[in-house]
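Take a look at the structure below.
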Amino acid sequence: MPKLFELLDFIRQDFNERCKNEPRFRLRFERVNKLIQAEVKEEGLMHFRIADCQVSEVVRGPCDNPDVRLIADLDTIIGVLSGKLSTTVMVLSKKLKVVASMQDMLLLKRFLDDERDRIAGFMKDFIAKS
């Protein structure tokens with residue numbers, strides 16, 4: 001099972017590369033400025049910022065006033081990222097708690113739904129490199 005911290009960094013690098021090279025993708029995130037904190041039982045707190053179509057380094061530890069808080073265990077987070085688990089079902093079953101405005105929740109859900117196959121591919125690549 002990949003460590004979430006390293007997996008998020010792997011996804012971050014690809015996201016930043018896509019923003020540089022794919023104008024249509026960049027348009028979706030140009031005006032986004034969000035601080036995101038993940039609270040994962042097995043790995044603790046980590047956070048990153050999406051701003052100006054770039055994702056900052058993933059940093060271990062808490063942050064002040066996150067716009068989005070994701071709270072779950074590692075298996076749930078990995079399942080949602082890989083597409084094996086539905087974001088909606090996990091939220092409704094309370095296995096994934098998302099503390100955010102409705103607008104931020106919809107942005108996150110749209111990103112995960114739209115990028116599900118790509119992220120699943122990352123998972124395979126990441127596991128192969130681990």
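Naming scheme: A, B, ... for chains in displayed order of the structure tokens; residues 1 onward per chain; ligands 1 onward as shown.
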Next on the checklist: Taking only segment 6-116 of chain A into account, list the residues labelled strand (DSSP E or B) by DSSP (computed from the backbone), as a VMD selection string.
Outcome noted: chain A and resid 33 to 40 44 to 51 54 to 55 59 to 60 68 to 72 97 to 99
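Non-sequential neighbours of segment 19-34 of chain A (distance at most 7 Å, separation of 3 or more positions within a chain, only C-alpha atoms) are A:Phe15, A:Asn16, A:Arg49, A:Ile50, A:Ala51, A:Asp52, A:Cys53, A:Asp67.
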Just the selected residues (N, CA, C and O atoms), exported as an mmCIF file, in the first residue's frame, please.
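Generated output (selection19.cif):
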```cif
data_model
loop_
_atom_site.group_PDB
_atom_site.id
_atom_site.type_symbol
_atom_site.label_atom_id
_atom_site.label_comp_id
_atom_site.auth_asym_id
_atom_site.auth_seq_id
_atom_site.Cartn_x
_atom_site.Cartn_y
_atom_site.Cartn_z
ATOM 1 N N PHE A 15 -0.151 17.173 -11.761
ATOM 2 C CA PHE A 15 -1.105 18.277 -11.831
ATOM 3 C C PHE A 15 -0.390 19.547 -12.311
ATOM 4 O O PHE A 15 -0.857 20.229 -13.230
ATOM 5 N N ASN A 16 0.744 19.865 -11.700
ATOM 6 C CA ASN A 16 1.488 21.070 -12.067
ATOM 7 C C ASN A 16 1.973 21.010 -13.512
ATOM 8 O O ASN A 16 1.935 22.013 -14.230
ATOM 9 N N ARG A 49 -1.506 23.722 -0.820
ATOM 10 C CA ARG A 49 -2.317 24.799 -1.377
ATOM 11 C C ARG A 49 -2.379 24.649 -2.897
ATOM 12 O O ARG A 49 -1.369 24.355 -3.528
ATOM 13 N N ILE A 50 -3.565 24.883 -3.437
ATOM 14 C CA ILE A 50 -3.746 25.020 -4.882
ATOM 15 C C ILE A 50 -3.962 26.503 -5.133
ATOM 16 O O ILE A 50 -4.917 27.092 -4.621
ATOM 17 N N ALA A 51 -3.063 27.119 -5.888
ATOM 18 C CA ALA A 51 -3.161 28.545 -6.204
ATOM 19 C C ALA A 51 -2.493 28.801 -7.546
ATOM 20 O O ALA A 51 -1.423 28.259 -7.822
ATOM 21 N N ASP A 52 -3.122 29.628 -8.346
ATOM 22 C CA ASP A 52 -2.578 29.982 -9.659
ATOM 23 C C ASP A 52 -2.237 28.748 -10.477
ATOM 24 O O ASP A 52 -1.193 28.668 -11.119
ATOM 25 N N CYS A 53 -3.098 27.762 -10.393
ATOM 26 C CA CYS A 53 -2.959 26.510 -11.152
ATOM 27 C C CYS A 53 -1.658 25.771 -10.831
ATOM 28 O O CYS A 53 -1.054 25.144 -11.692
ATOM 29 N N ASP A 67 -9.287 25.653 3.812
ATOM 30 C CA ASP A 67 -10.556 25.813 3.100
ATOM 31 C C ASP A 67 -11.278 24.475 3.002
ATOM 32 O O ASP A 67 -12.507 24.429 2.966
#
```
Item to check | helix (DSSP H, G or I) residues, from DSSP on the backbone, in segment 39-108 of chain A, as a PyMOL selection string | outcome: chain A and resi 74-82+87-92+102-108
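For the pair atom CA of Ile78 of chain A and atom CA of Ile119 of chain A, the separation is 10.3 Å.
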Item to check | Selection near Asp75 of chain A, 12 Å with only C-alpha atoms, sequence-local residues under 5 positions removed, as a count of residues only | outcome: 17
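Interatomic distance, atom CA of Val89 of chain A to atom CA of Met105 of chain A: 13.9 Å.
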Checklist outcome for this item: Atom pair atom CA of Leu45 of chain A + atom CA of Ile11 of chain A, distance 17.6 Å
Checklist entry - Using only C-alpha atoms, which residues sit within 8 Å of Val59 of chain A once same-chain residues fewer than 3 positions away are excluded, as number ranges by chain? => result A: 46-48
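You can rank A:Arg110, A:Arg118, A:Asp9, A:Leu35 by their closest distance to Val68 of chain A using only C-alpha atoms, and at the top of that list sits A:Leu35.
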Checklist entry - So, counting only C-alpha atoms, which residue among A:Leu106, A:Lys97, A:Leu7, A:Ile71 is closest to Met123 of chain A? => result A:Leu7
